[in-house]
Structure formats: structure tokens, C-alpha cells
$ cat my_file-v9.cif   # mmCIF, C-alpha atoms
data_protein
#
loop_
_atom_site.label_atom_id
_atom_site.label_comp_id
_atom_site.auth_asym_id
_atom_site.auth_seq_id
_atom_site.Cartn_x
_atom_site.Cartn_y
_atom_site.Cartn_z
CA MET A 839 127.25 51.52 -125.03
CA ALA A 840 126.42 54.17 -127.63
CA ARG A 841 129.25 56.55 -128.41
CA PHE A 842 128.91 59.94 -126.81
CA ASN A 843 127.73 63.01 -128.68
CA LEU A 844 130.86 65.02 -129.55
CA SER A 845 129.41 68.10 -127.93
CA LEU A 846 129.25 66.43 -124.53
CA LYS A 847 132.64 64.76 -124.23
CA PHE A 848 134.93 67.63 -123.40
CA PHE A 849 133.35 69.86 -120.86
CA ALA A 850 132.53 69.30 -117.18
CA ILE A 851 130.10 72.20 -117.16
CA ALA A 852 128.29 70.84 -114.14
CA LEU A 853 130.87 72.77 -112.11
CA LEU A 854 130.57 76.00 -114.09
CA ALA A 855 128.77 78.04 -111.45
CA LEU A 856 130.80 76.78 -108.51
CA PRO A 857 133.78 78.54 -106.93
CA LEU A 858 137.22 77.04 -107.25
CA ALA A 859 137.43 76.44 -103.52
CA ALA A 860 134.36 74.22 -103.60
CA ARG A 861 135.71 72.20 -106.51
CA ALA A 862 139.04 71.74 -104.78
CA ALA A 863 137.61 70.04 -101.68
CA ASP A 864 139.83 67.28 -100.38
CA THR A 865 137.10 64.67 -100.76
CA ALA A 866 135.46 64.66 -104.18
CA PRO A 867 131.66 64.36 -104.08
CA PRO A 868 130.10 61.13 -105.26
CA PRO A 869 128.84 61.11 -108.87
CA GLN A 870 125.24 62.15 -109.59
CA VAL A 871 124.98 64.59 -106.66
CA GLN A 872 123.46 67.98 -107.34
CA PHE A 873 125.26 71.36 -107.13
CA GLY A 874 128.65 69.66 -107.41
CA GLY A 875 128.37 68.41 -103.80
CA GLU A 876 127.95 71.83 -102.21
CA CYS A 877 125.62 72.19 -99.24
CA ALA A 878 122.11 72.69 -100.60
CA GLN A 879 121.04 74.64 -97.51
CA GLY A 880 124.08 76.87 -97.78
CA LEU A 881 123.13 77.71 -101.36
CA ALA A 882 119.54 78.37 -100.24
CA GLU A 883 121.01 80.91 -97.80
CA GLY A 884 123.09 82.54 -100.54
CA LYS A 885 126.53 81.10 -99.78
CA HIS A 886 128.85 78.38 -101.08
CA VAL A 887 129.71 75.67 -98.55
CA ALA A 888 131.80 72.65 -99.58
CA THR A 889 130.85 69.25 -98.12
CA ASP A 890 132.16 65.69 -98.02
CA CYS A 891 128.64 64.47 -98.97
CA LYS A 892 128.39 62.22 -95.93
CA THR A 893 125.05 63.83 -95.13
CA THR A 894 122.64 63.58 -98.05
CA TRP A 895 119.00 63.56 -99.05
CA THR A 896 117.47 62.01 -102.19
CA ASP A 897 114.23 63.37 -103.62
CA LYS A 898 111.43 61.45 -105.33
CA ASP A 899 113.15 61.85 -108.72
CA GLY A 900 116.31 60.16 -107.46
CA LYS A 901 118.39 63.34 -107.26
CA THR A 902 120.82 63.47 -104.35
CA TYR A 903 121.69 66.64 -102.41
CA CYS A 904 124.57 67.08 -99.96
CA PHE A 905 124.65 68.95 -96.65
CA SER A 906 127.44 70.20 -94.43
CA THR A 907 125.67 69.05 -91.24
CA GLU A 908 122.57 67.19 -90.10
CA ALA A 909 121.25 70.50 -88.78
CA ALA A 910 121.54 72.08 -92.24
CA LYS A 911 119.68 69.12 -93.73
CA LYS A 912 116.90 69.45 -91.13
CA VAL A 913 116.39 73.12 -91.92
CA PHE A 914 116.36 72.40 -95.67
CA LEU A 915 113.74 69.66 -95.33
CA GLU A 916 111.36 71.87 -93.36
CA ASN A 917 110.34 73.19 -96.76
CA SER A 918 112.42 71.37 -99.36
CA ALA A 919 110.60 72.80 -102.39
CA GLU A 920 111.14 76.40 -101.32
CA SER A 921 114.72 75.74 -100.18
CA LEU A 922 115.58 74.08 -103.47
CA GLU A 923 114.12 76.98 -105.42
CA ARG A 924 116.25 79.46 -103.46
CA ALA A 925 119.36 77.32 -103.99
CA ARG A 926 118.80 77.09 -107.73
CA THR A 927 118.15 80.82 -107.97
CA PHE A 928 121.37 81.66 -106.12
CA VAL A 929 123.46 79.39 -108.35
CA ALA A 930 121.83 80.62 -111.56
CA ALA A 931 122.03 84.32 -110.69
CA SER A 932 125.84 84.35 -110.86
CA ASN A 933 126.29 82.37 -114.09
CA VAL A 934 126.31 85.14 -116.69
CA GLU A 935 128.09 87.66 -114.48
CA SER A 936 130.82 85.21 -113.45
CA THR A 937 131.34 84.04 -117.03
CA GLU A 938 131.52 87.61 -118.30
CA THR A 939 134.17 88.42 -115.69
CA ALA A 940 136.16 85.26 -116.43
CA MET A 941 136.08 86.01 -120.16
CA GLN A 942 138.08 89.19 -119.56
CA ASN A 943 141.15 87.00 -119.02
CA PHE A 944 140.95 85.58 -122.54
CA THR A 945 140.69 86.69 -126.15
CA SER A 946 139.16 85.22 -129.28
CA THR A 947 142.67 84.21 -130.31
CA ASP A 948 142.94 82.10 -127.16
CA ALA A 949 139.69 80.36 -128.05
CA GLU A 950 140.90 79.73 -131.59
CA THR A 951 144.17 78.27 -130.29
CA LEU A 952 142.27 75.88 -128.01
CA VAL A 953 140.06 74.70 -130.87
CA LYS A 954 142.98 74.30 -133.28
CA ASP A 955 144.92 72.27 -130.71
CA TYR A 956 141.92 70.04 -130.09
CA ILE A 957 141.34 69.49 -133.80
CA GLY A 958 145.04 68.75 -134.25
CA THR A 959 145.02 66.16 -131.47
CA GLN A 960 141.92 64.43 -132.82
CA THR A 961 143.24 64.48 -136.38
CA LYS A 962 146.62 63.07 -135.36
CA SER A 963 145.04 60.17 -133.48
CA ASN A 964 142.63 59.35 -136.32
CA ASN A 965 144.98 59.08 -139.30
CA GLY A 966 144.43 62.63 -140.49
CA ILE A 967 140.65 62.54 -140.06
CA PHE A 968 138.57 64.69 -137.71
CA PRO A 969 135.69 62.41 -136.58
CA PHE A 970 132.36 64.07 -135.91
CA ASP A 971 129.17 62.45 -134.62
CA ASP A 972 126.34 64.47 -136.12
CA PRO A 973 123.67 64.84 -133.40
CA LEU A 974 120.99 65.64 -135.99
CA ASN A 975 120.91 62.21 -137.60
CA GLY A 976 123.53 60.07 -135.87
CA ASP A 977 125.87 60.01 -138.87
CA HIS A 978 129.57 59.51 -138.18
CA LEU A 979 131.31 62.06 -140.39
CA LYS A 980 134.96 61.96 -141.44
CA LEU A 981 136.16 65.50 -141.96
CA SER A 982 139.35 67.24 -143.03
CA TYR A 983 140.31 70.52 -141.37
CA ASP A 984 140.73 73.64 -143.51
CA GLU A 985 140.93 76.72 -141.27
CA VAL A 986 139.25 78.83 -138.61
CA ASP A 987 137.04 81.29 -140.46
CA PHE A 988 136.43 83.77 -137.62
CA THR A 989 135.34 83.88 -133.97
CA ARG A 990 132.23 85.48 -132.51
CA THR A 991 132.29 86.74 -128.90
CA ILE A 992 129.17 87.18 -126.77
CA ASP A 993 129.83 88.78 -123.37
CA GLY A 994 128.80 86.47 -120.57
CA TYR A 995 128.15 83.54 -122.89
CA GLY A 996 131.49 82.61 -124.43
CA PHE A 997 133.54 82.49 -127.63
CA PHE A 998 132.35 80.82 -130.82
CA PRO A 999 135.07 79.91 -133.35
CA ASP A 1000 133.56 79.05 -136.75
CA VAL A 1001 135.72 76.37 -138.41
CA LYS A 1002 135.89 75.27 -142.05
CA PHE A 1003 136.04 71.53 -142.84
CA HIS A 1004 135.43 69.40 -145.91
CA ASP A 1005 134.45 65.77 -146.33
CA ALA A 1006 137.59 63.64 -146.34
CA GLN A 1007 136.37 61.77 -149.45
CA ASP A 1008 135.00 64.77 -151.37
CA ALA A 1009 136.58 68.22 -151.01
CA GLN A 1010 133.53 69.83 -152.64
CA ARG A 1011 131.38 68.87 -149.66
CA LYS A 1012 132.15 71.70 -147.24
CA TYR A 1013 131.09 72.20 -143.63
CA LEU A 1014 131.16 75.08 -141.18
CA VAL A 1015 131.34 73.81 -137.61
CA ASP A 1016 130.88 76.05 -134.57
CA PHE A 1017 132.68 75.45 -131.27
CA TRP A 1018 131.19 76.93 -128.09
CA VAL A 1019 134.10 77.80 -125.76
CA LEU A 1020 133.80 78.94 -122.14
CA PRO A 1021 136.25 79.70 -119.29
CA VAL A 1022 136.10 77.07 -116.53
CA GLY A 1023 138.37 77.02 -113.50
CA GLY A 1024 140.72 79.53 -115.06
CA LYS A 1025 141.00 77.73 -118.40
CA LEU A 1026 139.07 77.76 -121.65
CA GLN A 1027 137.17 74.57 -122.44
CA ILE A 1028 134.93 73.40 -125.27
CA GLN A 1029 131.32 73.00 -124.25
CA GLU A 1030 129.48 72.16 -127.45
CA THR A 1031 130.19 71.58 -131.13
CA ARG A 1032 127.49 72.10 -133.75
CA ILE A 1033 127.27 72.06 -137.54
CA TYR A 1034 126.24 75.53 -138.69
CA LYS A 1035 126.41 74.94 -142.45
CA GLU A 1036 126.40 71.67 -144.38
CA PRO A 1037 126.74 70.59 -148.03
CA LEU A 1038 123.56 70.15 -150.05
CA LYS A 1039 123.36 69.22 -153.71
CA SER A 1040 121.77 71.78 -156.03
CA ASP A 1041 121.72 71.55 -159.84
CA GLY A 1042 124.32 68.79 -159.74
CA ARG A 1043 126.85 70.54 -157.53
CA TRP A 1044 127.48 70.92 -153.82
CA VAL A 1045 126.52 74.18 -152.11
CA THR A 1046 127.00 75.00 -148.43
CA MET A 1047 123.75 75.93 -146.70
CA ALA A 1048 122.91 76.92 -143.11
CA ARG A 1049 120.96 74.39 -141.13
CA GLN A 1050 117.66 75.37 -139.59
CA PRO A 1051 117.23 76.28 -136.88
CA VAL A 1052 120.54 78.09 -136.64
CA PRO A 1053 122.43 77.73 -133.33
CA TRP A 1054 121.24 80.25 -130.76
CA TRP A 1055 124.59 82.09 -130.75
CA TRP A 1056 123.97 83.36 -134.28
CA ILE A 1057 120.87 85.28 -133.16
CA PRO A 1058 122.29 88.10 -130.97
CA ALA A 1059 123.41 91.17 -132.90
CA SER A 1060 124.09 94.45 -131.10
CA GLU A 1061 122.57 93.46 -127.77
CA HIS A 1062 124.70 93.28 -124.64
CA PRO A 1063 123.91 89.91 -123.00
CA GLY A 1064 123.12 89.86 -119.32
CA HIS A 1065 122.04 93.50 -119.22
CA LEU A 1066 118.75 93.42 -121.11
CA ALA A 1067 115.55 94.72 -119.56
CA THR A 1068 113.58 92.08 -121.44
CA LYS A 1069 114.81 88.56 -122.05
CA ARG A 1070 115.28 87.41 -125.63
CA GLY A 1071 114.56 84.05 -127.18
CA TRP A 1072 118.23 83.20 -127.65
CA GLU A 1073 118.84 83.62 -123.91
CA VAL A 1074 116.15 81.04 -123.22
CA MET A 1075 117.66 78.72 -125.81
CA SER A 1076 121.09 79.14 -124.24
CA ALA A 1077 119.73 78.15 -120.82
CA VAL A 1078 117.96 75.09 -122.22
CA GLU A 1079 120.98 73.86 -124.17
CA GLN A 1080 123.34 74.43 -121.25
CA HIS A 1081 120.92 72.50 -119.03
CA ALA A 1082 120.93 69.64 -121.55
CA VAL A 1083 124.74 69.53 -121.48
CA VAL A 1084 124.89 69.61 -117.67
CA GLU A 1085 122.35 66.82 -117.22
CA SER A 1086 123.92 64.69 -119.96
CA LEU A 1087 127.36 64.89 -118.40
CA LYS A 1088 125.94 63.32 -115.25
CA ASN A 1089 125.13 60.18 -117.25
CA ASN A 1090 128.15 59.68 -119.53
CA GLY A 1091 126.76 61.88 -122.28
CA VAL A 1092 123.16 60.65 -122.12
CA PHE A 1093 120.23 62.91 -121.20
CA ILE A 1094 117.96 60.93 -118.87
CA LEU A 1095 114.30 61.95 -118.73
CA LYS A 1096 111.39 60.18 -117.06
CA ASP A 1097 108.39 60.12 -119.38
CA ASP A 1098 105.67 61.94 -117.46
CA LYS A 1099 102.95 59.78 -119.06
CA THR A 1100 104.41 56.26 -119.18
CA GLY A 1101 106.98 56.49 -116.39
CA LYS A 1102 109.60 55.07 -118.77
CA GLU A 1103 113.17 56.29 -118.41
CA LEU A 1104 114.21 57.80 -121.74
CA GLN A 1105 117.86 57.82 -122.81
CA LEU A 1106 118.36 60.69 -125.24
CA GLU A 1107 120.95 62.82 -127.04
CA PHE A 1108 120.37 66.52 -127.61
CA VAL A 1109 119.90 67.69 -131.22
CA ASP A 1110 118.70 71.31 -131.25
CA THR A 1111 116.21 73.89 -129.99
CA HIS A 1112 113.26 75.02 -132.06
CA GLN A 1113 112.46 78.61 -132.88
CA PRO A 1114 110.61 80.70 -131.94
CA VAL A 1115 110.52 80.63 -128.15
CA ARG A 1116 107.26 81.58 -126.43
CA GLN A 1117 106.34 83.09 -123.07
CA LEU A 1118 103.23 81.99 -121.20
CA ASP A 1119 100.87 84.84 -120.40
CA ASN A 1120 99.52 83.38 -117.16
CA ASP A 1121 102.73 82.91 -115.16
CA GLY A 1122 105.53 84.44 -117.23
CA HIS A 1123 107.34 81.15 -117.82
CA TYR A 1124 109.25 80.81 -121.09
CA PHE A 1125 108.43 77.79 -123.20
CA ALA A 1126 111.01 76.18 -125.50
CA CYS A 1127 110.67 73.09 -127.71
CA THR A 1128 113.68 70.88 -128.44
CA ASP A 1129 114.59 67.74 -130.35
CA PHE A 1130 116.33 64.78 -128.71
CA ARG A 1131 117.31 61.58 -130.51
CA VAL A 1132 117.00 58.18 -128.81
CA VAL A 1133 120.51 56.96 -128.05
CA GLY A 1134 121.73 54.45 -130.63
CA THR A 1135 119.18 55.41 -133.30
CA LYS A 1136 119.20 57.70 -136.32
CA ASP A 1137 115.55 58.66 -136.73
CA GLN A 1138 113.72 58.17 -133.41
CA ILE A 1139 113.16 61.75 -132.27
CA TYR A 1140 111.43 63.03 -129.15
CA ASP A 1141 110.17 66.60 -128.99
CA ILE A 1142 110.81 67.74 -125.41
CA ASP A 1143 109.36 70.98 -124.02
CA PHE A 1144 111.19 72.98 -121.34
CA TRP A 1145 109.73 75.56 -118.98
CA VAL A 1146 112.26 78.28 -118.15
CA SER A 1147 111.93 81.14 -115.68
CA ASP A 1148 113.85 84.36 -115.12
CA LYS A 1149 115.55 84.20 -111.70
CA ASP A 1150 117.18 87.51 -110.82
CA GLY A 1151 118.24 88.05 -114.42
CA SER A 1152 119.36 84.48 -115.17
CA MET A 1153 117.36 81.85 -117.00
CA VAL A 1154 116.64 78.64 -115.05
CA VAL A 1155 115.02 75.43 -116.35
CA ASP A 1156 112.11 74.50 -114.08
CA GLN A 1157 110.69 71.42 -115.76
CA ALA A 1158 110.77 69.24 -118.88
CA ARG A 1159 107.88 67.38 -120.50
CA VAL A 1160 107.49 65.05 -123.47
CA HIS A 1161 105.67 66.89 -126.26
CA LYS A 1162 105.97 64.46 -129.19
CA VAL A 1163 106.96 60.79 -129.25
CA PRO A 1164 108.41 58.70 -132.11
CA GLU A 1165 106.04 56.07 -133.48
CA LEU A 1166 106.73 53.62 -136.32
CA LYS A 1167 104.14 53.97 -139.07
CA ASN A 1168 104.42 52.40 -142.52
CA GLY A 1169 108.08 51.66 -141.93
CA GLN A 1170 108.98 55.24 -140.92
CA TRP A 1171 109.42 56.90 -137.56
CA ILE A 1172 107.19 59.94 -137.20
CA GLU A 1173 106.67 62.33 -134.28
CA VAL A 1174 103.19 62.06 -132.76
CA PRO A 1175 102.11 64.96 -130.51
CA ARG A 1176 100.58 64.42 -127.10
CA TYR A 1177 99.42 68.02 -126.89
CA GLU A 1178 99.73 71.36 -128.69
CA TRP A 1179 101.64 74.33 -127.27
CA LYS A 1180 98.37 76.25 -127.02
CA ASP A 1181 97.09 73.59 -124.59
CA VAL A 1182 99.45 74.88 -121.90
CA GLY A 1183 97.83 78.32 -122.00
CA ALA A 1184 97.87 81.58 -123.90
CA SER A 1185 101.33 82.74 -124.91
CA HIS A 1186 103.25 85.10 -127.16
CA VAL A 1187 106.43 84.83 -129.22
CA VAL A 1188 109.65 86.04 -127.57
CA PRO A 1189 111.76 88.04 -130.09
#
$ encode --input "my_file-v9.cif" --output "C-alpha cells"
Amino acid sequence: MARFNLSLKFFAIALLALPLAARAADTAPPPQVQFGGECAQGLAEGKHVATDCKTTWTDKDGKTYCFSTEAAKKVFLENSAESLERARTFVAASNVESTETAMQNFTSTDAETLVKDYIGTQTKSNNGIFPFDDPLNGDHLKLSYDEVDFTRTIDGYGFFPDVKFHDAQDAQRKYLVDFWVLPVGGKLQIQETRIYKEPLKSDGRWVTMARQPVPWWWIPASEHPGHLATKRGWEVMSAVEQHAVVESLKNNGVFILKDDKTGKELQLEFVDTHQPVRQLDNDGHYFACTDFRVVGTKDQIYDIDFWVSDKDGSMVVDQARVHKVPELKNGQWIEVPRYEWKDVGASHVVP
């Protein structure tokens, strides 16, 4: 089995929006169930109800939902599409607000301490090396820790310690690695790890340059997240990347997507989100393009498009679709588009 992407190994974010009482149920829900095993009908009615998942329903995509009673299941199935939409909206609506509240119990220093401890543990168990699987190209980097540079804080979205490393074999090759840290169940946990700057050779020497696109958390400036009249592109990107993490954790770090054209089950690892983000004029959906690498490869990249909607102030992923597929031509893998973004309708760039 392919080794997991580093950004997906530490954080059970699938339970992020759920109350502690639901997560502490005596009988843990079976793996792969939606909403952490809470009653789907309860969520559709705007309340959290823990279940033992003895009563379930599986949709056409193979996703399993739990119910507290047969009666709740019957009501849900009277209009499953509408009920599911209400359940998703209820769960999503509390994400930013609950995270912002939970963040008040922590400081940037707490986030830095967590990251330092994690780096120390990994370094100690790997003979002084911090191993890093680069999601961009599948390289397995061997890094040496230098120091935490500083930590950004975005209300409602988390802490972002920026950490200095250098290549273990060449101290001139320097990296800046960002850690996305969120409070979960009363504790801080690492959700994602991403290279922000990497070494590139220029005029015979190594210089440290920012990768493009930059991680979404570098985009906000003076805005106050969660309280904006108009959604920004970085908020859409945050929702898409969090969705990728959640879905990947359900499958041991692998993002599973059914190809809407071939029916093939794709096994992918998240790389990054493109910029800019667009909003469709006809229905208001936001439209974000992303890159995913085929598990176990270095250069087979799928471009996956996500449709995201604003549900009571929170961004919710509604669907995903294959935009470009990797094809081998003249010994190289290239991305071949199935459609252009303009084919889905008129749109405009989201700032």
C-alpha cells in the first residue's frame, strides 16, 4: 500500500463538526459511515443525535447513513435528497463559529509547542531526520529542523506555524513548511502540512522561493473570517481542501472518486487548489479546480473540479467532477481536458 500523504496522517477531522457527546457514544460507529454515525434525520431537523448505527441506509454512491430509529429512517427516505441537503447544511453552518469559539482556549504559542513536539518525535524516531512526503511530486524528502519562524492566526480557521527546515544533505537548500493546526475535542491537532517555500537554483546558488499557488491561508489579510458579507476565494479553497482531508481519512489517506465518465474508481492524493476561484452566474455555485496525484505515482495528475455552495454562511462541497485526465504521450504524462471551465456556464472571478 502506498504511504500516506503526511498531511492526512494526524488528524481525524471527520469528527470536527460533531459535539463531544456524540463522539463519546458507548458504541463506536462502523468505519465509512457519514456524519460520524450521528442520526441523519436528526441533523436534517437541526439537532445532534448519537446512534449505534444498527439502523442504516446506503445510497447509490455507497455512502452509509445511520439513524436512531426505523421511524427516523422512514421520514428521511420520504425525500432523501432534501433531507440530506438539510443535514449537510446544519453540520456545515456551525463549523467556522465552533472553531472560532474553540480557538479562544489556545494561543499561537500552544500551536507552536504542538508542532515542535511533533517534529521532535518524528526526528527522534528517524535518526535525526524529519521525513516529508511531498504531495506535489511524490518525493520523499529528508529534512533537518531549524526553527519556527512565526505563526499566523485566522479566526475560525486555525493556527498556521511557519517552520524553517533545510535538506539534511545540503544546508543551503532551505524549506519553509506550514502546519495547519485546529482545535478538536478540546485539544489542538495538526490537520495539514504544506511546503510554502522551496529551494530553487539560480545563478549557481540555492534561493528559497514560494511555490505557486500559495496555500490558501496566505491570502487573507485584514478580513475577519466568518463575518464577511461576500465570500472570498480563499474561503472556497479552505472548504475544498478540508473536504479533501475528510474524505481521504475515510480511506486510509486516499481520496476516492468515481470517474463520472468511465465509472472507474480513482485513488488519489491531494496536491493543491488552483487560483483564481470562480462563481457561476446562473446558480451562484463557486467553482474551484484542484490537482490530485494518482496514488503511487509521481507525475500522473488529475485536475478535479469542485462545486461549492454557501449554506448559511459556511461553504459546502456539493459535487466533484474530473476536469483533466493524465495521458501518456511521447513518454510523458500530460493533462488532457475533457471540458473547459466556460462550458459549465458564464462565471466571474471571486477575489
$ closest_residue --input "my_file-v9.cif" --among "A:Asn964, A:Gln1113, A:Ser921, A:Ser936" --to "A:Val1188" --atoms "all atoms listed in the file"
A:Gln1113
$ residues_around --input "my_file-v9.cif" --residues "stretch 1033-1046 of chain A" --least-positions-apart "6" --cutoff "12 Å" --atoms "only C-alpha atoms" --output "PDB file with C-alpha atoms, in the coordinates of the input"
ATOM      1  CA  LEU A 844     130.860  65.020-129.550  1.00  0.00           C
ATOM      2  CA  SER A 845     129.410  68.100-127.930  1.00  0.00           C
ATOM      3  CA  PHE A 970     132.360  64.070-135.910  1.00  0.00           C
ATOM      4  CA  ASP A 971     129.170  62.450-134.620  1.00  0.00           C
ATOM      5  CA  ASP A 972     126.340  64.470-136.120  1.00  0.00           C
ATOM      6  CA  PRO A 973     123.670  64.840-133.400  1.00  0.00           C
ATOM      7  CA  LEU A 974     120.990  65.640-135.990  1.00  0.00           C
ATOM      8  CA  ASN A 975     120.910  62.210-137.600  1.00  0.00           C
ATOM      9  CA  LEU A 979     131.310  62.060-140.390  1.00  0.00           C
ATOM     10  CA  LEU A 981     136.160  65.500-141.960  1.00  0.00           C
ATOM     11  CA  PHE A 998     132.350  80.820-130.820  1.00  0.00           C
ATOM     12  CA  PRO A 999     135.070  79.910-133.350  1.00  0.00           C
ATOM     13  CA  ASP A1000     133.560  79.050-136.750  1.00  0.00           C
ATOM     14  CA  VAL A1001     135.720  76.370-138.410  1.00  0.00           C
ATOM     15  CA  LYS A1002     135.890  75.270-142.050  1.00  0.00           C
ATOM     16  CA  PHE A1003     136.040  71.530-142.840  1.00  0.00           C
ATOM     17  CA  HIS A1004     135.430  69.400-145.910  1.00  0.00           C
ATOM     18  CA  ASP A1005     134.450  65.770-146.330  1.00  0.00           C
ATOM     19  CA  ASP A1008     135.000  64.770-151.370  1.00  0.00           C
ATOM     20  CA  ALA A1009     136.580  68.220-151.010  1.00  0.00           C
ATOM     21  CA  GLN A1010     133.530  69.830-152.640  1.00  0.00           C
ATOM     22  CA  ARG A1011     131.380  68.870-149.660  1.00  0.00           C
ATOM     23  CA  LYS A1012     132.150  71.700-147.240  1.00  0.00           C
ATOM     24  CA  TYR A1013     131.090  72.200-143.630  1.00  0.00           C
ATOM     25  CA  LEU A1014     131.160  75.080-141.180  1.00  0.00           C
ATOM     26  CA  VAL A1015     131.340  73.810-137.610  1.00  0.00           C
ATOM     27  CA  ASP A1016     130.880  76.050-134.570  1.00  0.00           C
ATOM     28  CA  PHE A1017     132.680  75.450-131.270  1.00  0.00           C
ATOM     29  CA  TRP A1018     131.190  76.930-128.090  1.00  0.00           C
ATOM     30  CA  VAL A1052     120.540  78.090-136.640  1.00  0.00           C
ATOM     31  CA  PRO A1053     122.430  77.730-133.330  1.00  0.00           C
ATOM     32  CA  TRP A1054     121.240  80.250-130.760  1.00  0.00           C
ATOM     33  CA  TRP A1055     124.590  82.090-130.750  1.00  0.00           C
ATOM     34  CA  TRP A1056     123.970  83.360-134.280  1.00  0.00           C
ATOM     35  CA  VAL A1109     119.900  67.690-131.220  1.00  0.00           C
ATOM     36  CA  ASP A1110     118.700  71.310-131.250  1.00  0.00           C
TER      37      ASP A1110
END
$ atom_distance --input "my_file-v9.cif" --atom1 "atom CA of A:Asp899" --atom2 "atom CA of A:Val1146"
19.0 Å
$ residues_near_point --input "my_file-v9.cif" --point "(110.7, 72.0, -119.8)" --cutoff "7 Å" --atoms "all atoms listed in the file" --output "PyMOL selection string"
chain A and resi 1143-1146+1155-1159
$ residues_around --input "my_file-v9.cif" --residues "A:Ser906" --least-positions-apart "6" --cutoff "9 Å" --atoms "only C-alpha atoms" --output "PyMOL selection string"
chain A and resi 876-880+887-894
$ write_last_selection --input "my_file-v9.cif" --atoms "C-alpha atoms" --output "CSV table (one decimal), keeping the file's coordinate frame"
chain,number,residue,atom,x,y,z
A,876,GLU,CA,128.0,71.8,-102.2
A,877,CYS,CA,125.6,72.2,-99.2
A,878,ALA,CA,122.1,72.7,-100.6
A,879,GLN,CA,121.0,74.6,-97.5
A,880,GLY,CA,124.1,76.9,-97.8
A,887,VAL,CA,129.7,75.7,-98.6
A,888,ALA,CA,131.8,72.6,-99.6
A,889,THR,CA,130.8,69.2,-98.1
A,890,ASP,CA,132.2,65.7,-98.0
A,891,CYS,CA,128.6,64.5,-99.0
A,892,LYS,CA,128.4,62.2,-95.9
A,893,THR,CA,125.0,63.8,-95.1
A,894,THR,CA,122.6,63.6,-98.0
